[in-house]
file upload-v2.cif (mmCIF, C-alpha atoms and all ligand atoms)
data_protein
loop_
_atom_site.group_PDB
_atom_site.id
_atom_site.type_symbol
_atom_site.label_atom_id
_atom_site.label_comp_id
_atom_site.auth_asym_id
_atom_site.auth_seq_id
_atom_site.Cartn_x
_atom_site.Cartn_y
_atom_site.Cartn_z
ATOM 1 C CA MET A 28 -56.901 -17.069 55.719
ATOM 2 C CA GLY A 29 -53.142 -17.244 55.360
ATOM 3 C CA ILE A 30 -50.950 -14.342 54.405
ATOM 4 C CA VAL A 31 -49.812 -15.894 51.117
ATOM 5 C CA GLU A 32 -53.407 -16.053 49.830
ATOM 6 C CA ASN A 33 -53.575 -12.323 50.528
ATOM 7 C CA LYS A 34 -50.278 -11.404 48.926
ATOM 8 C CA LYS A 35 -51.918 -9.617 45.999
ATOM 9 C CA GLN A 36 -54.131 -7.507 48.206
ATOM 10 C CA ILE A 37 -51.207 -6.627 50.442
ATOM 11 C CA MET A 38 -49.126 -5.645 47.427
ATOM 12 C CA ARG A 39 -51.960 -3.468 46.124
ATOM 13 C CA GLU A 40 -52.041 -1.568 49.413
ATOM 14 C CA ILE A 41 -48.263 -1.236 49.384
ATOM 15 C CA ARG A 42 -48.220 -0.003 45.782
ATOM 16 C CA LYS A 43 -50.749 2.731 46.553
ATOM 17 C CA ALA A 44 -48.602 4.059 49.381
ATOM 18 C CA LYS A 45 -45.432 6.064 49.299
ATOM 19 C CA ASN A 46 -44.725 6.558 52.999
ATOM 20 C CA ILE A 47 -45.269 3.474 55.117
ATOM 21 C CA PHE A 48 -45.207 3.452 58.885
ATOM 22 C CA LEU A 49 -44.830 0.245 60.863
ATOM 23 C CA MET A 50 -45.915 -0.151 64.436
ATOM 24 C CA ALA A 51 -45.998 -3.173 66.741
ATOM 25 C CA HIS A 52 -47.248 -3.726 70.265
ATOM 26 C CA LYS A 53 -45.995 -2.229 73.508
ATOM 27 C CA ASN A 54 -43.391 -4.238 75.410
ATOM 28 C CA LEU A 55 -41.763 -4.898 72.098
ATOM 29 C CA ASP A 56 -40.525 -8.473 71.835
ATOM 30 C CA LEU A 57 -38.510 -10.255 69.187
ATOM 31 C CA ASP A 58 -41.564 -11.456 67.260
ATOM 32 C CA ALA A 59 -42.947 -7.917 67.091
ATOM 33 C CA LEU A 60 -39.599 -6.382 66.221
ATOM 34 C CA GLY A 61 -38.544 -9.216 63.886
ATOM 35 C CA SER A 62 -41.744 -9.033 61.855
ATOM 36 C CA THR A 63 -41.539 -5.251 61.747
ATOM 37 C CA ILE A 64 -37.985 -5.159 60.446
ATOM 38 C CA GLY A 65 -38.642 -8.025 58.027
ATOM 39 C CA LEU A 66 -41.495 -6.012 56.578
ATOM 40 C CA TYR A 67 -39.345 -2.886 56.633
ATOM 41 C CA GLU A 68 -36.836 -4.694 54.432
ATOM 42 C CA ILE A 69 -39.489 -5.842 51.970
ATOM 43 C CA LEU A 70 -40.891 -2.321 51.710
ATOM 44 C CA SER A 71 -37.504 -0.616 51.419
ATOM 45 C CA LYS A 72 -36.680 -2.911 48.551
ATOM 46 C CA LYS A 73 -39.918 -1.774 46.894
ATOM 47 C CA ASN A 74 -38.603 1.806 47.213
ATOM 48 C CA LYS A 75 -41.003 2.971 49.888
ATOM 49 C CA ASN A 76 -40.131 5.522 52.547
ATOM 50 C CA CYS A 77 -40.361 3.440 55.701
ATOM 51 C CA PHE A 78 -40.623 4.431 59.324
ATOM 52 C CA ILE A 79 -40.913 2.353 62.473
ATOM 53 C CA ILE A 80 -42.873 3.922 65.306
ATOM 54 C CA ILE A 81 -41.384 3.093 68.692
ATOM 55 C CA GLU A 82 -42.638 5.074 71.631
ATOM 56 C CA GLU A 83 -41.266 3.212 74.635
ATOM 57 C CA LYS A 84 -37.814 3.860 76.006
ATOM 58 C CA LYS A 85 -37.074 0.682 77.917
ATOM 59 C CA TYR A 86 -36.614 -2.544 76.007
ATOM 60 C CA GLU A 87 -36.480 -6.202 76.782
ATOM 61 C CA LEU A 88 -32.863 -7.518 76.550
ATOM 62 C CA GLY A 89 -33.007 -9.112 73.094
ATOM 63 C CA VAL A 90 -34.835 -6.155 71.569
ATOM 64 C CA GLU A 91 -32.277 -3.804 73.073
ATOM 65 C CA LYS A 92 -29.425 -5.776 71.501
ATOM 66 C CA VAL A 93 -31.042 -5.736 68.054
ATOM 67 C CA LEU A 94 -31.912 -2.038 68.135
ATOM 68 C CA LYS A 95 -28.376 -1.240 69.228
ATOM 69 C CA GLU A 96 -26.818 -3.393 66.538
ATOM 70 C CA LEU A 97 -29.060 -1.859 63.886
ATOM 71 C CA THR A 98 -28.452 1.746 64.932
ATOM 72 C CA GLY A 99 -28.525 3.890 61.809
ATOM 73 C CA CYS A 100 -30.044 1.144 59.636
ATOM 74 C CA LEU A 101 -33.673 1.808 60.491
ATOM 75 C CA ASN A 102 -35.776 4.945 60.376
ATOM 76 C CA ILE A 103 -37.187 4.913 63.898
ATOM 77 C CA VAL A 104 -39.599 7.693 64.836
ATOM 78 C CA LYS A 105 -41.470 8.742 67.931
ATOM 79 C CA GLU A 106 -45.143 9.663 67.996
ATOM 80 C CA GLU A 107 -44.426 13.404 67.705
ATOM 81 C CA GLU A 108 -42.248 12.877 64.627
ATOM 82 C CA ILE A 109 -44.912 11.105 62.606
ATOM 83 C CA GLU A 110 -46.732 14.118 61.215
ATOM 84 C CA LYS A 111 -43.694 15.771 59.666
ATOM 85 C CA ASN A 112 -42.880 12.533 57.874
ATOM 86 C CA LEU A 113 -46.339 12.026 56.398
ATOM 87 C CA HIS A 114 -46.819 12.337 52.654
ATOM 88 C CA LYS A 115 -48.772 15.476 51.735
ATOM 89 C CA ASN A 116 -51.283 13.379 49.877
ATOM 90 C CA LYS A 117 -53.075 11.571 52.721
ATOM 91 C CA LYS A 118 -53.907 8.608 50.530
ATOM 92 C CA LYS A 119 -50.232 7.877 50.039
ATOM 93 C CA ASN A 120 -49.648 7.097 53.711
ATOM 94 C CA LEU A 121 -50.090 3.620 55.103
ATOM 95 C CA LEU A 122 -49.809 2.350 58.665
ATOM 96 C CA ILE A 123 -49.083 -1.335 59.148
ATOM 97 C CA ILE A 124 -49.708 -2.757 62.599
ATOM 98 C CA CYS A 125 -47.674 -5.870 63.417
ATOM 99 C CA ASP A 126 -48.142 -8.611 66.004
ATOM 100 C CA THR A 127 -51.243 -7.131 67.649
ATOM 101 C CA ASN A 128 -54.682 -5.994 66.541
ATOM 102 C CA LYS A 129 -55.845 -4.218 69.688
ATOM 103 C CA LYS A 130 -55.792 -0.470 69.921
ATOM 104 C CA GLU A 131 -54.722 -0.255 73.566
ATOM 105 C CA LEU A 132 -51.703 -2.480 72.901
ATOM 106 C CA VAL A 133 -49.986 -0.571 70.096
ATOM 107 C CA GLN A 134 -46.900 1.567 70.692
ATOM 108 C CA SER A 135 -48.887 4.740 70.045
ATOM 109 C CA GLU A 136 -52.666 4.840 70.124
ATOM 110 C CA ASP A 137 -52.595 8.450 68.868
ATOM 111 C CA ALA A 138 -50.772 7.337 65.727
ATOM 112 C CA LEU A 139 -53.865 5.368 64.674
ATOM 113 C CA LYS A 140 -55.787 8.612 64.148
ATOM 114 C CA LEU A 141 -53.227 9.985 61.706
ATOM 115 C CA PHE A 142 -53.843 7.344 59.050
ATOM 116 C CA SER A 143 -56.858 6.579 56.924
ATOM 117 C CA ASN A 144 -55.147 3.568 55.333
ATOM 118 C CA LYS A 145 -54.288 0.912 57.853
ATOM 119 C CA MET A 146 -53.370 -2.744 57.651
ATOM 120 C CA ILE A 147 -52.991 -5.344 60.412
ATOM 121 C CA ILE A 148 -50.621 -8.288 60.124
ATOM 122 C CA ASP A 149 -51.075 -10.451 63.184
ATOM 123 C CA HIS A 150 -51.556 -13.913 64.637
ATOM 124 C CA HIS A 151 -53.646 -13.061 67.718
ATOM 125 C CA ASN A 152 -57.385 -13.487 68.163
ATOM 126 C CA LYS A 153 -59.548 -10.451 67.605
ATOM 127 C CA GLY A 154 -61.400 -8.832 70.491
ATOM 128 C CA THR A 155 -63.689 -5.962 71.327
ATOM 129 C CA THR A 156 -60.833 -3.465 71.026
ATOM 130 C CA THR A 157 -59.576 -4.638 67.641
ATOM 131 C CA ILE A 158 -58.645 -1.644 65.492
ATOM 132 C CA LYS A 159 -61.408 -0.886 62.995
ATOM 133 C CA ASN A 160 -61.393 0.026 59.287
ATOM 134 C CA THR A 161 -58.244 -1.816 58.377
ATOM 135 C CA VAL A 162 -57.133 -4.376 55.867
ATOM 136 C CA GLU A 163 -56.952 -7.383 58.174
ATOM 137 C CA ILE A 164 -54.392 -10.068 57.626
ATOM 138 C CA ILE A 165 -54.929 -12.108 60.766
ATOM 139 C CA ASP A 166 -54.017 -15.776 60.877
ATOM 140 C CA THR A 167 -54.389 -17.284 64.330
ATOM 141 C CA GLU A 168 -53.138 -20.655 63.167
ATOM 142 C CA VAL A 169 -49.541 -19.562 62.637
ATOM 143 C CA SER A 170 -46.896 -19.604 65.341
ATOM 144 C CA SER A 171 -45.789 -16.020 65.046
ATOM 145 C CA THR A 172 -45.973 -12.852 63.010
ATOM 146 C CA CYS A 173 -42.393 -13.567 61.927
ATOM 147 C CA GLU A 174 -43.623 -16.788 60.320
ATOM 148 C CA MET A 175 -46.169 -14.742 58.329
ATOM 149 C CA ILE A 176 -43.477 -12.340 57.191
ATOM 150 C CA VAL A 177 -41.213 -15.191 56.081
ATOM 151 C CA ASN A 178 -44.085 -16.480 53.944
ATOM 152 C CA LEU A 179 -44.409 -13.037 52.435
ATOM 153 C CA LEU A 180 -40.668 -12.750 51.791
ATOM 154 C CA GLU A 181 -40.796 -16.007 49.898
ATOM 155 C CA ALA A 182 -43.941 -15.051 47.985
ATOM 156 C CA TYR A 183 -42.424 -11.740 46.898
ATOM 157 C CA GLU A 184 -39.004 -13.288 46.316
ATOM 158 C CA VAL A 185 -37.299 -10.721 48.492
ATOM 159 C CA GLU A 186 -33.911 -11.641 49.915
ATOM 160 C CA LEU A 187 -33.079 -10.878 53.489
ATOM 161 C CA ASP A 188 -29.631 -10.267 55.000
ATOM 162 C CA PRO A 189 -28.369 -12.906 57.441
ATOM 163 C CA TYR A 190 -28.685 -10.530 60.386
ATOM 164 C CA TYR A 191 -32.334 -9.755 59.677
ATOM 165 C CA SER A 192 -33.004 -13.441 59.046
ATOM 166 C CA THR A 193 -31.565 -14.200 62.462
ATOM 167 C CA VAL A 194 -33.890 -11.723 64.153
ATOM 168 C CA LEU A 195 -36.931 -13.260 62.430
ATOM 169 C CA LEU A 196 -35.780 -16.719 63.489
ATOM 170 C CA ALA A 197 -35.425 -15.452 67.059
ATOM 171 C CA GLY A 198 -39.031 -14.202 66.861
ATOM 172 C CA ILE A 199 -40.221 -17.664 65.841
ATOM 173 C CA VAL A 200 -38.134 -19.374 68.533
ATOM 174 C CA LEU A 201 -39.539 -16.972 71.126
ATOM 175 C CA ASP A 202 -43.207 -17.312 70.207
ATOM 176 C CA THR A 203 -43.060 -21.106 69.849
ATOM 177 C CA ASN A 204 -41.022 -21.448 73.032
ATOM 178 C CA ASN A 205 -38.283 -23.327 71.174
ATOM 179 C CA PHE A 206 -40.518 -25.005 68.606
ATOM 180 C CA THR A 207 -42.882 -26.522 71.144
ATOM 181 C CA LEU A 208 -45.998 -24.319 70.974
ATOM 182 C CA LYS A 209 -48.095 -23.944 67.812
ATOM 183 C CA THR A 210 -45.280 -25.401 65.749
ATOM 184 C CA THR A 211 -46.269 -26.919 62.414
ATOM 185 C CA GLN A 212 -44.338 -28.165 59.423
ATOM 186 C CA GLU A 213 -44.804 -24.655 58.040
ATOM 187 C CA THR A 214 -42.999 -23.255 61.071
ATOM 188 C CA TYR A 215 -40.052 -25.569 60.518
ATOM 189 C CA TYR A 216 -40.095 -24.677 56.863
ATOM 190 C CA CYS A 217 -39.800 -20.989 57.755
ATOM 191 C CA ALA A 218 -36.894 -21.770 60.067
ATOM 192 C CA TYR A 219 -35.274 -23.726 57.243
ATOM 193 C CA TYR A 220 -35.896 -20.861 54.845
ATOM 194 C CA LEU A 221 -34.312 -18.331 57.225
ATOM 195 C CA SER A 222 -31.410 -20.645 57.812
ATOM 196 C CA CYS A 223 -30.838 -20.784 54.024
ATOM 197 C CA LEU A 224 -30.705 -16.987 54.068
ATOM 198 C CA GLY A 225 -27.945 -17.184 56.652
ATOM 199 C CA ALA A 226 -29.805 -16.985 59.971
ATOM 200 C CA SER A 227 -27.597 -18.151 62.820
ATOM 201 C CA ALA A 228 -28.977 -20.395 65.562
ATOM 202 C CA GLN A 229 -26.069 -19.415 67.760
ATOM 203 C CA LYS A 230 -26.883 -15.750 67.386
ATOM 204 C CA VAL A 231 -30.537 -16.530 68.158
ATOM 205 C CA GLN A 232 -29.397 -18.036 71.435
ATOM 206 C CA TYR A 233 -27.386 -14.879 72.111
ATOM 207 C CA LEU A 234 -30.431 -12.686 71.429
ATOM 208 C CA LEU A 235 -32.622 -14.771 73.716
ATOM 209 C CA LYS A 236 -30.172 -14.813 76.616
ATOM 210 C CA GLN A 237 -31.795 -13.827 79.864
ATOM 211 C CA ASP A 238 -30.766 -11.831 82.861
ATOM 212 C CA ILE A 239 -29.724 -14.243 85.612
ATOM 213 C CA ASN A 240 -31.209 -12.215 88.452
ATOM 214 C CA GLU A 241 -34.563 -11.950 86.740
ATOM 215 C CA TYR A 242 -34.386 -15.693 86.157
ATOM 216 C CA ILE A 243 -33.760 -16.396 89.835
ATOM 217 C CA GLU A 244 -36.642 -14.096 90.815
ATOM 218 C CA ARG A 245 -38.892 -15.927 88.377
ATOM 219 C CA GLU A 246 -37.923 -19.379 89.535
ATOM 220 C CA LYS A 247 -39.101 -18.454 93.025
ATOM 221 C CA MET A 248 -42.627 -18.666 91.651
ATOM 222 C CA LEU A 249 -42.096 -22.379 91.146
ATOM 223 C CA THR A 250 -41.913 -23.148 94.846
ATOM 224 C CA ASN A 251 -45.660 -23.018 95.208
ATOM 225 C CA ILE A 252 -47.008 -25.375 92.571
ATOM 226 C CA GLU A 253 -50.212 -27.309 92.866
ATOM 227 C CA ILE A 254 -51.214 -29.922 90.325
ATOM 228 C CA ILE A 255 -54.889 -30.460 89.586
ATOM 229 C CA ASP A 256 -56.087 -33.725 88.062
ATOM 230 C CA ASN A 257 -52.463 -34.716 87.518
ATOM 231 C CA LYS A 258 -52.173 -32.399 84.511
ATOM 232 C CA ILE A 259 -52.886 -28.769 85.313
ATOM 233 C CA ALA A 260 -50.304 -26.778 87.205
ATOM 234 C CA ILE A 261 -51.225 -23.677 89.159
ATOM 235 C CA THR A 262 -48.680 -21.602 90.952
ATOM 236 C CA LYS A 263 -48.961 -18.389 92.869
ATOM 237 C CA ALA A 264 -46.158 -16.008 93.652
ATOM 238 C CA THR A 265 -45.495 -14.482 97.037
ATOM 239 C CA PRO A 266 -47.667 -11.406 97.637
ATOM 240 C CA TYR A 267 -44.555 -9.417 98.509
ATOM 241 C CA THR A 268 -43.066 -9.369 95.041
ATOM 242 C CA ILE A 269 -44.482 -7.489 92.072
ATOM 243 C CA TYR A 270 -43.648 -9.303 88.865
ATOM 244 C CA ARG A 271 -43.756 -8.065 85.308
ATOM 245 C CA ARG A 272 -46.316 -9.609 82.990
ATOM 246 C CA GLU A 273 -43.598 -11.130 80.846
ATOM 247 C CA ASP A 274 -42.156 -12.861 83.906
ATOM 248 C CA ILE A 275 -45.363 -14.666 84.746
ATOM 249 C CA ALA A 276 -45.774 -15.542 81.067
ATOM 250 C CA LYS A 277 -42.316 -17.103 81.009
ATOM 251 C CA THR A 278 -43.037 -19.067 84.163
ATOM 252 C CA ALA A 279 -46.217 -20.403 82.581
ATOM 253 C CA ASP A 280 -44.101 -21.493 79.579
ATOM 254 C CA THR A 281 -41.630 -23.227 81.863
ATOM 255 C CA LEU A 282 -44.305 -25.278 83.612
ATOM 256 C CA LEU A 283 -45.263 -26.948 80.335
ATOM 257 C CA TYR A 284 -41.811 -28.541 80.238
ATOM 258 C CA PHE A 285 -42.702 -30.961 83.017
ATOM 259 C CA ASN A 286 -44.012 -34.470 82.748
ATOM 260 C CA ASN A 287 -47.809 -34.812 82.519
ATOM 261 C CA ILE A 288 -48.410 -31.051 82.620
ATOM 262 C CA GLU A 289 -50.833 -30.051 79.882
ATOM 263 C CA ALA A 290 -51.798 -26.613 81.099
ATOM 264 C CA SER A 291 -50.295 -24.047 83.427
ATOM 265 C CA PHE A 292 -51.578 -21.030 85.317
ATOM 266 C CA VAL A 293 -49.372 -18.519 87.085
ATOM 267 C CA ILE A 294 -50.758 -15.880 89.423
ATOM 268 C CA SER A 295 -48.862 -12.939 90.841
ATOM 269 C CA LYS A 296 -49.120 -9.319 91.768
ATOM 270 C CA ILE A 297 -48.313 -7.152 88.776
ATOM 271 C CA SER A 298 -48.938 -3.856 90.570
ATOM 272 C CA LYS A 299 -50.070 -2.804 94.022
ATOM 273 C CA THR A 300 -53.705 -3.156 93.077
ATOM 274 C CA GLN A 301 -53.632 -5.706 90.283
ATOM 275 C CA ILE A 302 -53.192 -9.441 90.067
ATOM 276 C CA GLY A 303 -52.035 -10.956 86.803
ATOM 277 C CA ILE A 304 -52.751 -14.443 85.530
ATOM 278 C CA SER A 305 -50.776 -15.955 82.708
ATOM 279 C CA ALA A 306 -51.675 -19.330 81.267
ATOM 280 C CA ARG A 307 -50.493 -21.829 78.696
ATOM 281 C CA SER A 308 -51.757 -25.095 77.325
ATOM 282 C CA LEU A 309 -50.506 -27.736 74.936
ATOM 283 C CA GLY A 310 -53.779 -27.554 73.049
ATOM 284 C CA ASN A 311 -56.311 -29.806 74.751
ATOM 285 C CA PHE A 312 -57.381 -27.262 77.321
ATOM 286 C CA ASP A 313 -59.025 -23.983 76.335
ATOM 287 C CA ILE A 314 -57.151 -21.157 78.044
ATOM 288 C CA ASN A 315 -59.356 -18.461 76.539
ATOM 289 C CA LYS A 316 -62.475 -20.049 78.038
ATOM 290 C CA ILE A 317 -61.019 -20.203 81.553
ATOM 291 C CA LEU A 318 -59.581 -16.695 81.505
ATOM 292 C CA SER A 319 -62.763 -15.137 80.151
ATOM 293 C CA ASN A 320 -64.036 -15.598 83.726
ATOM 294 C CA PHE A 321 -61.504 -12.951 84.694
ATOM 295 C CA ASN A 322 -62.185 -10.632 81.746
ATOM 296 C CA GLY A 323 -58.996 -11.907 80.208
ATOM 297 C CA GLY A 324 -58.489 -13.769 76.998
ATOM 298 C CA GLY A 325 -56.222 -15.366 74.494
ATOM 299 C CA ASP A 326 -56.616 -18.581 72.582
ATOM 300 C CA THR A 327 -56.399 -22.300 73.242
ATOM 301 C CA TYR A 328 -52.651 -22.142 73.767
ATOM 302 C CA HIS A 329 -52.039 -18.984 75.712
ATOM 303 C CA GLY A 330 -53.701 -16.137 77.436
ATOM 304 C CA ALA A 331 -53.563 -13.605 80.218
ATOM 305 C CA ALA A 332 -55.843 -11.682 82.518
ATOM 306 C CA VAL A 333 -55.505 -8.689 84.794
ATOM 307 C CA VAL A 334 -57.734 -8.593 87.861
ATOM 308 C CA ASN A 335 -58.275 -5.456 89.925
ATOM 309 C CA GLU A 336 -57.809 -7.073 93.274
ATOM 310 C CA ASP A 337 -55.057 -7.036 95.843
ATOM 311 C CA LYS A 338 -55.335 -10.510 97.317
ATOM 312 C CA ILE A 339 -53.595 -13.211 95.334
ATOM 313 C CA SER A 340 -55.354 -15.950 97.293
ATOM 314 C CA LYS A 341 -58.802 -14.694 96.244
ATOM 315 C CA VAL A 342 -57.919 -14.915 92.572
ATOM 316 C CA HIS A 343 -56.202 -18.249 93.151
ATOM 317 C CA ASP A 344 -59.220 -19.809 94.883
ATOM 318 C CA LYS A 345 -61.614 -18.650 92.182
ATOM 319 C CA LEU A 346 -59.334 -19.916 89.420
ATOM 320 C CA LYS A 347 -58.902 -23.281 91.131
ATOM 321 C CA GLU A 348 -62.650 -23.677 91.479
ATOM 322 C CA ILE A 349 -63.209 -22.922 87.795
ATOM 323 C CA ILE A 350 -60.509 -25.338 86.690
ATOM 324 C CA GLU A 351 -61.779 -28.106 88.952
ATOM 325 C CA GLU A 352 -65.228 -27.625 87.497
ATOM 326 C CA GLU A 353 -63.750 -27.791 84.003
ATOM 327 C CA VAL A 354 -61.908 -31.097 84.502
ATOM 328 C CA LYS A 355 -64.790 -32.855 86.315
HETATM 329 MN MN MN A 401 -46.192 -12.740 68.315
#

call {"tool": "encode", "arguments": {"input": "upload-v2.cif", "output": "structure tokens"}}
result
Amino acid sequence: MGIVENKKQIMREIRKAKNIFLMAHKNLDLDALGSTIGLYEILSKKNKNCFIIIEEKKYELGVEKVLKELTGCLNIVKEEEIEKNLHKNKKKNLLIICDTNKKELVQSEDALKLFSNKMIIDHHNKGTTTIKNTVEIIDTEVSSTCEMIVNLLEAYEVELDPYYSTVLLAGIVLDTNNFTLKTTQETYYCAYYLSCLGASAQKVQYLLKQDINEYIEREKMLTNIEIIDNKIAITKATPYTIYRREDIAKTADTLLYFNNIEASFVISKISKTQIGISARSLGNFDINKILSNFNGGGDTYHGAAVVNEDKISKVHDKLKEIIEEEVK
């Protein structure tokens, strides 16, 4: 069910609370951060004491720019600072988890234990590690958590500053890969809405600028592409380079830009002993189903898996076999 249908329930939870903590997933990206700060703005305007829990120290480029530019505007706390900021009356504390629902993916797993009232606002599928005993606002049909927050902003008639609107727009652009994945008329409407609030497309481009050396490293993965059944691209990286998970995800995004390609799979080493797979589809190929063979998951459009294995070719051969079976 969509977030707007739940606006009353969400507001009830918010009203009960005095101190509200927001926490997104690790490897903070612009959808996670955008939705968090959008929500932060809504809550601040409802006179709540708001805190954002960020545990990691290294940020992705766009996130780093935003956090720098917003220095002093947000109450950011580390795990160890949570307790002293809790309201004495336990019932008046609320933790809202944004852009993930899995306990191992949040910024601080320990923080989960400090709250009896928890709410999840997310657009990812649930799994075995989904955080329990929460108010769940999960809509897997929407493009991004930022899109959900824009709906909420509109429903509550809360105005957002142009800068914040820009960050939320960047979150939508990121998660839809420039309005190509999971983009509906609702998504465009949210972009329109943010643009009316003063969001700048130019500034979005600035926030999403990449590091050229990382780009060159990533493009090297594209030298090894195989196309199955004229529509599914698989590529494996050299075994000598360890890539970050976000790099293989971006490469999988890139592959969908090419003619006839409906699904993409990228395999690389992500640590000495682990192989990562990242996959994307335009919608007529179930990524979740394929990756469940590797204990991974996702949805129809995207997914990832981590395999404890050191030979890329082993994972590659197994994946190829499964895909060939699937397209028979
Ligand atoms: Mn997201």

call {"tool": "residues_near_ligand", "arguments": {"input": "upload-v2.cif", "ligand": "ligand MN 401 (chain A)", "cutoff": "6 Å", "atoms": "only C-alpha atoms and all ligand atoms", "output": "list in words"}}
result
Asp58, Ala59, Asp126, Ser171, Thr172 and Asp202 of chain A

call {"tool": "closest_residue", "arguments": {"input": "upload-v2.cif", "among": "A:Ala290, A:Ile148, A:Leu70, A:Leu49", "to": "A:Val104", "atoms": "only C-alpha atoms"}}
result
A:Leu49

call {"tool": "residues_around", "arguments": {"input": "upload-v2.cif", "residues": "A:Gln301", "least_positions_apart": "4", "cutoff": "8 Å", "atoms": "all atoms listed in the file", "output": "PyMOL selection string"}}
result
chain A and resi 296-297+333-337

call {"tool": "resolve_selection", "arguments": {"input": "upload-v2.cif", "expression": "the PyMOL selection byres (((chain A and resi 238-253) around 9) and not hetatm)", "output": "PyMOL selection string"}}
result
chain A and resi 88+236-237+254-255+259-265+270+274-275+277-278+282+293-295

call {"tool": "resolve_selection", "arguments": {"input": "upload-v2.cif", "expression": "the PyMOL selection byres (((chain A and resi 37) around 12) and not hetatm)", "output": "MDAnalysis selection string"}}
result
chainID A and resid 29:36 38:44 66 69:70 121 123 144:148 161:164 176 179 182:183

call {"tool": "closest_residue", "arguments": {"input": "upload-v2.cif", "among": "A:Thr63, A:Arg271, A:Lys345, A:Cys77", "to": "A:Gly198", "atoms": "all atoms listed in the file"}}
result
A:Thr63

call {"tool": "closest_residue", "arguments": {"input": "upload-v2.cif", "among": "A:Leu60, A:Ala51, A:Ile269, A:Leu283", "to": "A:Leu201", "atoms": "only C-alpha atoms"}}
result
A:Leu60

call {"tool": "atom_distance", "arguments": {"input": "upload-v2.cif", "atom1": "atom CA of A:His114", "atom2": "atom CA of A:Asn46"}}
result
6.2 Å

call {"tool": "resolve_selection", "arguments": {"input": "upload-v2.cif", "expression": "the PyMOL selection byres (((chain A and resi 169) around 8) and not hetatm)", "output": "mmCIF file with C-alpha atoms, in the frame of the given file"}}
result
data_model
loop_
_atom_site.group_PDB
_atom_site.id
_atom_site.type_symbol
_atom_site.label_atom_id
_atom_site.label_comp_id
_atom_site.auth_asym_id
_atom_site.auth_seq_id
_atom_site.Cartn_x
_atom_site.Cartn_y
_atom_site.Cartn_z
ATOM 1 C CA HIS A 150 -51.556 -13.913 64.637
ATOM 2 C CA ASP A 166 -54.017 -15.776 60.877
ATOM 3 C CA THR A 167 -54.389 -17.284 64.330
ATOM 4 C CA GLU A 168 -53.138 -20.655 63.167
ATOM 5 C CA SER A 170 -46.896 -19.604 65.341
ATOM 6 C CA SER A 171 -45.789 -16.020 65.046
ATOM 7 C CA THR A 172 -45.973 -12.852 63.010
ATOM 8 C CA GLU A 174 -43.623 -16.788 60.320
ATOM 9 C CA MET A 175 -46.169 -14.742 58.329
ATOM 10 C CA LYS A 209 -48.095 -23.944 67.812
ATOM 11 C CA THR A 210 -45.280 -25.401 65.749
ATOM 12 C CA THR A 214 -42.999 -23.255 61.071
#

call {"tool": "atom_distance", "arguments": {"input": "upload-v2.cif", "atom1": "atom CA of A:Lys159", "atom2": "atom CA of A:Tyr328"}}
result
25.4 Å

call {"tool": "atom_distance", "arguments": {"input": "upload-v2.cif", "atom1": "atom CA of A:Gln232", "atom2": "atom CA of A:Cys100"}}
result
22.5 Å

call {"tool": "closest_residue", "arguments": {"input": "upload-v2.cif", "among": "A:Ile317, A:Leu309, A:Ile339, A:Leu224", "to": "A:Phe285", "atoms": "only C-alpha atoms"}}
result
A:Leu309

call {"tool": "axis_aligned_box", "arguments": {"input": "upload-v2.cif", "around": "stretch 48-56 of chain A", "padding_each_side": "3 Å", "output": "AutoDock Vina command-line options"}}
result
--center_x -43.9 --center_y -2.5 --center_z 67.1 --size_x 12.7 --size_y 17.9 --size_z 22.5

call {"tool": "residues_around", "arguments": {"input": "upload-v2.cif", "residues": "stretch 92-99 of chain A", "least_positions_apart": "3", "cutoff": "10 Å", "atoms": "all atoms listed in the file", "output": "VMD selection string"}}
result
chain A and resid 57 60 to 61 86 to 89 102 to 103 190 to 191 194 233 to 235

call {"tool": "residues_around", "arguments": {"input": "upload-v2.cif", "residues": "A:Phe312", "least_positions_apart": "2", "cutoff": "12 Å", "atoms": "only C-alpha atoms", "output": "list of chain:residue names"}}
result
A:Lys258, A:Ile259, A:Ile288, A:Glu289, A:Ala290, A:Ser291, A:Phe292, A:Ala306, A:Arg307, A:Ser308, A:Leu309, A:Gly310, A:Ile314, A:Asn315, A:Lys316, A:Ile317, A:Leu318, A:Asp326, A:Thr327, A:Tyr328, A:His329, A:Gly330, A:Ile350, A:Glu353, A:Val354

call {"tool": "closest_residue", "arguments": {"input": "upload-v2.cif", "among": "A:Val342, A:Ile64, A:Ile109, A:Ile81", "to": "A:Gly303", "atoms": "all atoms listed in the file"}}
result
A:Val342

call {"tool": "closest_residue", "arguments": {"input": "upload-v2.cif", "among": "A:Asn257, A:Lys45, A:Lys72, A:Lys153", "to": "A:Leu113", "atoms": "only C-alpha atoms"}}
result
A:Lys45

call {"tool": "build_atoms", "arguments": {"input": "upload-v2.cif", "residues": "stretch 342-346 of chain A", "atoms": "N, CA and C atoms", "output": "short mmCIF file (atom, residue, chain, number, x, y, z; two decimals), keeping the file's coordinate frame"}}
result
data_model
loop_
_atom_site.label_atom_id
_atom_site.label_comp_id
_atom_site.auth_asym_id
_atom_site.auth_seq_id
_atom_site.Cartn_x
_atom_site.Cartn_y
_atom_site.Cartn_z
N VAL A 342 -57.96 -14.59 94.00
CA VAL A 342 -57.92 -14.92 92.57
C VAL A 342 -57.58 -16.40 92.41
N HIS A 343 -56.63 -16.85 93.20
CA HIS A 343 -56.20 -18.25 93.15
C HIS A 343 -57.38 -19.20 93.43
N ASP A 344 -58.13 -18.91 94.51
CA ASP A 344 -59.22 -19.81 94.88
C ASP A 344 -60.29 -19.86 93.80
N LYS A 345 -60.59 -18.69 93.24
CA LYS A 345 -61.61 -18.65 92.18
C LYS A 345 -61.14 -19.44 90.96
N LEU A 346 -59.89 -19.23 90.59
CA LEU A 346 -59.33 -19.92 89.42
C LEU A 346 -59.36 -21.43 89.63
#
